[in-house]
Amino acid sequence: MLAAVLAWGCASRCTCCRPDANPAGATPVKSPAAQATGWRTLFDGESLSGWKATDFGGAGEVKVDPKFRGGAPAIIIGAGASLSGITLTKPPPWGNYEVEVEALKIQGSDFFVGLTFPVAASHATLVMGGWGGATTGISSIDGSDASENETTRFESYPKDKWFHVRLRVTPERIQVWLDRDPKPLIDQDIKDRTISMRFGEIESSIPFGIATYQTDSAIRSVKWRPLDPDAK
């Protein structure tokens with residue numbers, strides 16, 4: 001089991017991205033315009049329009065449940081032999097931006113969210129619950145993945161609980177907030193750092209995707225908004 005987890009180290013050692021990003025969060029935003037831009041919804045609540053099942057070998061089934069557990073619709077990502085997930089087929093977030101995702105772990109002991117996103121000219125992956133269920137971080141920074149760089153955190157992600165995740169990206173910084181805590185869980189300076197994807201299948205999530213590792217997950221909201229280029 002440990003070998004399987006380390007194989008992806010979790011598939012989450014990826015990183016890399018495109019230009020800017022800077023959502024509103026715990027850190028003051030220099031320009032008020034950064035707060036004024038509207039959200040763009042990436043899940044219509046009815047279908048996988050704008051998405052495709054990621055081409056991972058042995059991936060689990062991806063479908064939309066119109067009334068997940070009697071409530072709102074959700075995208076269900078079924079556990080696979082290793083990675084499973086969805087990749088955006090329409091233009092992804094870019095520049096200075098922020099992303100919000102609401103996700104729930106249904107079953108499994110590894111990461112239930114592996115969010116791949118653009119960072120300037122490359123991409124990176126936010127891993128939540130990797131390496132056996134608790135490791136959280138960004139893959140990769142200067143070649144080091146989420147389990148072995150400054151962003152590494154250890155969080156508990158119990159099953160059947162909705163988690164709210166907010167990601168902010170700018171040319172100089174990557175920030176992550178969990179469950180609307182005003183203090184960032186991750187606040188990483190990336191100026192003069194190398195951001196890249198972890199080598200392997202996770203690269204199929206580029207330019208923007210959500211993956212899981214041997215874990216069933218539900219996603220009920222995915223949205224992003226552009227931010228003012230001067231936002232810090």
# chains A, B, ... in the order shown; residues from 1 in each chain; ligands from 1
call {"tool": "closest_atom_pairs", "arguments": {"of": "segment 53-89 of chain A", "to": "segment 186-206 of chain A", "cutoff": "12 Å", "atoms": "only C-alpha atoms", "output": "Markdown table"}}
result
| residue | atom | partner | partner_atom | distance |
| --- | --- | --- | --- | --- |
| A:Ala53 | CA | A:Ser205 | CA | 9.7 |
| A:Thr54 | CA | A:Ser205 | CA | 6.6 |
| A:Asp55 | CA | A:Ser204 | CA | 6.8 |
| A:Phe56 | CA | A:Glu201 | CA | 6.5 |
| A:Gly57 | CA | A:Glu201 | CA | 8.3 |
| A:Gly58 | CA | A:Glu201 | CA | 11.2 |
| A:Ala59 | CA | A:Glu201 | CA | 11.0 |
| A:Ser82 | CA | A:Glu201 | CA | 9.7 |
| A:Leu83 | CA | A:Ile202 | CA | 7.7 |
| A:Ser84 | CA | A:Ile202 | CA | 9.4 |
| A:Gly85 | CA | A:Ser205 | CA | 7.9 |
| A:Ile86 | CA | A:Ser205 | CA | 7.3 |
| A:Thr87 | CA | A:Ser205 | CA | 5.4 |
| A:Leu88 | CA | A:Ser205 | CA | 8.2 |
| A:Thr89 | CA | A:Ile206 | CA | 9.9 |
call {"tool": "write_last_selection", "arguments": {"atoms": "C-alpha atoms", "output": "mmCIF file, in the first residue's frame"}}
result
data_model
loop_
_atom_site.group_PDB
_atom_site.id
_atom_site.type_symbol
_atom_site.label_atom_id
_atom_site.label_comp_id
_atom_site.auth_asym_id
_atom_site.auth_seq_id
_atom_site.Cartn_x
_atom_site.Cartn_y
_atom_site.Cartn_z
ATOM 1 C CA ALA A 53 -12.592 12.365 -18.053
ATOM 2 C CA THR A 54 -8.800 12.507 -17.799
ATOM 3 C CA ASP A 55 -7.022 9.819 -19.783
ATOM 4 C CA PHE A 56 -5.424 7.988 -16.868
ATOM 5 C CA GLY A 57 -4.804 4.270 -17.237
ATOM 6 C CA GLY A 58 -7.192 2.286 -15.027
ATOM 7 C CA ALA A 59 -9.158 5.394 -14.047
ATOM 8 C CA SER A 82 -4.250 4.825 -9.370
ATOM 9 C CA LEU A 83 -5.355 8.206 -10.722
ATOM 10 C CA SER A 84 -8.851 9.259 -11.796
ATOM 11 C CA GLY A 85 -10.148 12.703 -12.636
ATOM 12 C CA ILE A 86 -11.438 15.392 -14.939
ATOM 13 C CA THR A 87 -9.677 17.957 -17.128
ATOM 14 C CA LEU A 88 -11.104 21.250 -18.358
ATOM 15 C CA THR A 89 -11.622 21.401 -22.134
#
call {"tool": "select_by_dssp", "arguments": {"residues": "segment 36-193 of chain A", "states": "strand (DSSP E or B)", "output": "PyMOL selection string"}}
result
chain A and resi 40-41+51-53+62-65+74-77+83-88+97-108+113-119+122-130+135-139+141+144+153-154+162-170+173-178+186-189
call {"tool": "closest_atom_pairs", "arguments": {"of": "segment 36-117 of chain A", "to": "segment 159-178 of chain A", "cutoff": "12 Å", "atoms": "only C-alpha atoms", "output": "Markdown table"}}
result
| residue | atom | partner | partner_atom | distance |
| --- | --- | --- | --- | --- |
| A:Phe68 | CA | A:Asp160 | CA | 11.6 |
| A:Arg69 | CA | A:Asp160 | CA | 10.3 |
| A:Ala74 | CA | A:Trp162 | CA | 11.6 |
| A:Pro93 | CA | A:Val169 | CA | 9.8 |
| A:Trp94 | CA | A:Val169 | CA | 8.9 |
| A:Gly95 | CA | A:Thr170 | CA | 7.0 |
| A:Asn96 | CA | A:Thr170 | CA | 4.8 |
| A:Tyr97 | CA | A:Val169 | CA | 5.6 |
| A:Glu98 | CA | A:Arg168 | CA | 4.2 |
| A:Val99 | CA | A:Leu167 | CA | 5.1 |
| A:Glu100 | CA | A:Arg166 | CA | 4.5 |
| A:Val101 | CA | A:Val165 | CA | 5.2 |
| A:Glu102 | CA | A:His164 | CA | 4.6 |
| A:Ala103 | CA | A:Phe163 | CA | 5.4 |
| A:Leu104 | CA | A:Trp162 | CA | 4.6 |
| A:Lys105 | CA | A:Lys159 | CA | 4.9 |
| A:Ile106 | CA | A:Lys159 | CA | 5.6 |
| A:Gln107 | CA | A:Lys159 | CA | 6.4 |
| A:Gly108 | CA | A:Lys159 | CA | 8.3 |
| A:Ser109 | CA | A:Lys159 | CA | 9.5 |
| A:Asp110 | CA | A:Lys159 | CA | 11.3 |
| A:Phe111 | CA | A:Lys159 | CA | 11.5 |
| A:Phe112 | CA | A:Lys159 | CA | 9.8 |
| A:Val113 | CA | A:Val165 | CA | 9.7 |
| A:Gly114 | CA | A:Val165 | CA | 11.6 |
| A:Leu115 | CA | A:Leu167 | CA | 9.5 |
| A:Thr116 | CA | A:Leu167 | CA | 10.9 |
| A:Phe117 | CA | A:Val169 | CA | 9.0 |
call {"tool": "write_last_selection", "arguments": {"atoms": "C-alpha atoms", "output": "PDB file, in the first residue's frame"}}
result
ATOM      1  CA  PHE A  68     -25.891  13.750  -4.498  1.00  0.00           C
ATOM      2  CA  ARG A  69     -27.076  12.249  -1.212  1.00  0.00           C
ATOM      3  CA  ALA A  74     -22.068  16.905  -7.821  1.00  0.00           C
ATOM      4  CA  PRO A  93      -7.960  30.273 -15.501  1.00  0.00           C
ATOM      5  CA  TRP A  94      -5.038  32.509 -16.400  1.00  0.00           C
ATOM      6  CA  GLY A  95      -3.028  35.487 -15.233  1.00  0.00           C
ATOM      7  CA  ASN A  96      -3.710  36.686 -11.690  1.00  0.00           C
ATOM      8  CA  TYR A  97      -6.677  34.634 -10.494  1.00  0.00           C
ATOM      9  CA  GLU A  98      -8.285  32.630  -7.757  1.00  0.00           C
ATOM     10  CA  VAL A  99     -10.123  29.313  -7.777  1.00  0.00           C
ATOM     11  CA  GLU A 100     -12.669  27.903  -5.337  1.00  0.00           C
ATOM     12  CA  VAL A 101     -13.543  24.219  -5.077  1.00  0.00           C
ATOM     13  CA  GLU A 102     -15.924  22.383  -2.757  1.00  0.00           C
ATOM     14  CA  ALA A 103     -15.048  18.719  -2.420  1.00  0.00           C
ATOM     15  CA  LEU A 104     -15.918  15.708  -0.261  1.00  0.00           C
ATOM     16  CA  LYS A 105     -14.063  12.436   0.255  1.00  0.00           C
ATOM     17  CA  ILE A 106     -16.476   9.549  -0.186  1.00  0.00           C
ATOM     18  CA  GLN A 107     -14.072   6.686   0.370  1.00  0.00           C
ATOM     19  CA  GLY A 108     -10.333   6.103   0.181  1.00  0.00           C
ATOM     20  CA  SER A 109      -7.080   6.726   2.004  1.00  0.00           C
ATOM     21  CA  ASP A 110      -5.182   9.014  -0.330  1.00  0.00           C
ATOM     22  CA  PHE A 111      -5.703  12.414  -1.919  1.00  0.00           C
ATOM     23  CA  PHE A 112      -9.271  13.341  -2.763  1.00  0.00           C
ATOM     24  CA  VAL A 113      -8.268  16.588  -4.481  1.00  0.00           C
ATOM     25  CA  GLY A 114      -5.290  16.960  -6.792  1.00  0.00           C
ATOM     26  CA  LEU A 115      -5.965  20.363  -8.354  1.00  0.00           C
ATOM     27  CA  THR A 116      -3.711  21.116 -11.331  1.00  0.00           C
ATOM     28  CA  PHE A 117      -3.622  24.779 -12.299  1.00  0.00           C
TER      29      PHE A 117
END
call {"tool": "closest_atom_pairs", "arguments": {"of": "segment 56-91 of chain A", "to": "segment 42-46 of chain A", "cutoff": "10 Å", "atoms": "only C-alpha atoms", "output": "CSV"}}
result
residue,atom,partner,partner_atom,distance
A:Val64,CA,A:Glu46,CA,7.0
A:Asp65,CA,A:Glu46,CA,8.3
A:Pro66,CA,A:Glu46,CA,6.5
A:Lys67,CA,A:Gly45,CA,9.7
A:Ala72,CA,A:Gly45,CA,8.0
A:Pro73,CA,A:Gly45,CA,5.5
A:Ala74,CA,A:Gly45,CA,6.8
A:Ile75,CA,A:Gly45,CA,8.3
A:Leu88,CA,A:Leu42,CA,8.4
A:Lys90,CA,A:Leu42,CA,9.3
call {"tool": "write_last_selection", "arguments": {"atoms": "N, CA and C atoms", "output": "tab-separated table (two decimals), in the first residue's frame"}}
result
chain	number	residue	atom	x	y	z
A	64	VAL	N	-22.02	12.68	-13.30
A	64	VAL	CA	-22.71	13.72	-12.52
A	64	VAL	C	-23.89	13.08	-11.81
A	65	ASP	N	-23.96	13.28	-10.50
A	65	ASP	CA	-25.11	12.84	-9.71
A	65	ASP	C	-25.98	14.06	-9.49
A	66	PRO	N	-27.19	14.10	-10.10
A	66	PRO	CA	-28.04	15.29	-10.02
A	66	PRO	C	-28.52	15.64	-8.61
A	67	LYS	N	-28.55	14.66	-7.72
A	67	LYS	CA	-28.97	14.91	-6.34
A	67	LYS	C	-28.08	14.09	-5.41
A	72	ALA	N	-27.56	18.86	-3.48
A	72	ALA	CA	-27.20	19.51	-4.74
A	72	ALA	C	-26.45	18.55	-5.66
A	73	PRO	N	-26.43	18.85	-6.96
A	73	PRO	CA	-25.69	18.01	-7.90
A	73	PRO	C	-24.19	18.06	-7.64
A	74	ALA	N	-23.51	16.98	-8.02
A	74	ALA	CA	-22.07	16.91	-7.82
A	74	ALA	C	-21.43	16.03	-8.89
A	75	ILE	N	-20.18	16.33	-9.19
A	75	ILE	CA	-19.39	15.47	-10.06
A	75	ILE	C	-18.78	14.39	-9.18
A	88	LEU	N	-10.33	20.21	-17.69
A	88	LEU	CA	-11.10	21.25	-18.36
A	88	LEU	C	-10.79	21.27	-19.85
A	90	LYS	N	-12.32	23.73	-21.89
A	90	LYS	CA	-12.44	25.10	-22.35
A	90	LYS	C	-11.31	25.92	-21.75
call {"tool": "closest_atom_pairs", "arguments": {"of": "segment 116-148 of chain A", "to": "segment 212-227 of chain A", "cutoff": "12 Å", "atoms": "only C-alpha atoms", "output": "JSON lines"}}
result
{"residue": "A:Thr116", "atom": "CA", "partner": "A:Thr212", "partner_atom": "CA", "distance": 11.2}
{"residue": "A:Phe117", "atom": "CA", "partner": "A:Trp224", "partner_atom": "CA", "distance": 11.0}
{"residue": "A:Thr125", "atom": "CA", "partner": "A:Thr212", "partner_atom": "CA", "distance": 11.6}
{"residue": "A:Leu126", "atom": "CA", "partner": "A:Thr212", "partner_atom": "CA", "distance": 11.3}
{"residue": "A:Val127", "atom": "CA", "partner": "A:Thr212", "partner_atom": "CA", "distance": 9.1}
{"residue": "A:Met128", "atom": "CA", "partner": "A:Thr212", "partner_atom": "CA", "distance": 9.2}
{"residue": "A:Gly129", "atom": "CA", "partner": "A:Tyr213", "partner_atom": "CA", "distance": 9.5}
{"residue": "A:Gly130", "atom": "CA", "partner": "A:Tyr213", "partner_atom": "CA", "distance": 8.0}
{"residue": "A:Trp131", "atom": "CA", "partner": "A:Tyr213", "partner_atom": "CA", "distance": 9.6}
{"residue": "A:Gly132", "atom": "CA", "partner": "A:Tyr213", "partner_atom": "CA", "distance": 9.9}
{"residue": "A:Gly133", "atom": "CA", "partner": "A:Thr215", "partner_atom": "CA", "distance": 9.9}
call {"tool": "residues_around", "arguments": {"residues": "Lys63 of chain A", "least_positions_apart": "5", "cutoff": "8 Å", "atoms": "only C-alpha atoms", "output": "ChimeraX atom specification"}}
result
/A:48,75-77
call {"tool": "atom_distance", "arguments": {"atom1": "atom CA of Pro92 of chain A", "atom2": "atom CA of Pro118 of chain A"}}
result
7.8 Å
call {"tool": "closest_residue", "arguments": {"among": "A:Lys183, A:Trp51, A:Pro91, A:Asn149", "to": "Gly209 of chain A", "atoms": "only C-alpha atoms"}}
result
A:Trp51
call {"tool": "closest_residue", "arguments": {"among": "A:Gly80, A:Ala134, A:Phe208, A:Glu150", "to": "Ser122 of chain A", "atoms": "only C-alpha atoms"}}
result
A:Phe208
call {"tool": "closest_residue", "arguments": {"among": "A:Gly137, A:Gly78, A:Gly50, A:Pro182", "to": "Val62 of chain A", "atoms": "only C-alpha atoms"}}
result
A:Gly78
call {"tool": "residues_around", "arguments": {"residues": "Thr152 of chain A", "least_positions_apart": "6", "cutoff": "8 Å", "atoms": "only C-alpha atoms", "output": "list of chain:residue names"}}
result
A:Thr135, A:Thr136, A:Gly137, A:Ile138, A:Ala146
call {"tool": "write_last_selection", "arguments": {"atoms": "C-alpha atoms", "output": "JSON list (two decimals), in the first residue's frame"}}
result
[["chain", "number", "residue", "atom", "x", "y", "z"],
["A", 135, "THR", "CA", -0.13, 15.37, 3.25],
["A", 136, "THR", "CA", -1.09, 18.67, 1.69],
["A", 137, "GLY", "CA", 1.10, 20.87, -0.47],
["A", 138, "ILE", "CA", 2.13, 22.10, -3.91],
["A", 146, "ALA", "CA", 4.19, 18.37, -2.11]]
call {"tool": "select_by_dssp", "arguments": {"residues": "chain A", "states": "alpha helix (DSSP H)", "output": "list in words"}}
result
Leu2, Ala3, Ala4, Val5, Leu6, Ala7, Trp8, Ala33, Ala34, Gln35 and Ala36 of chain A
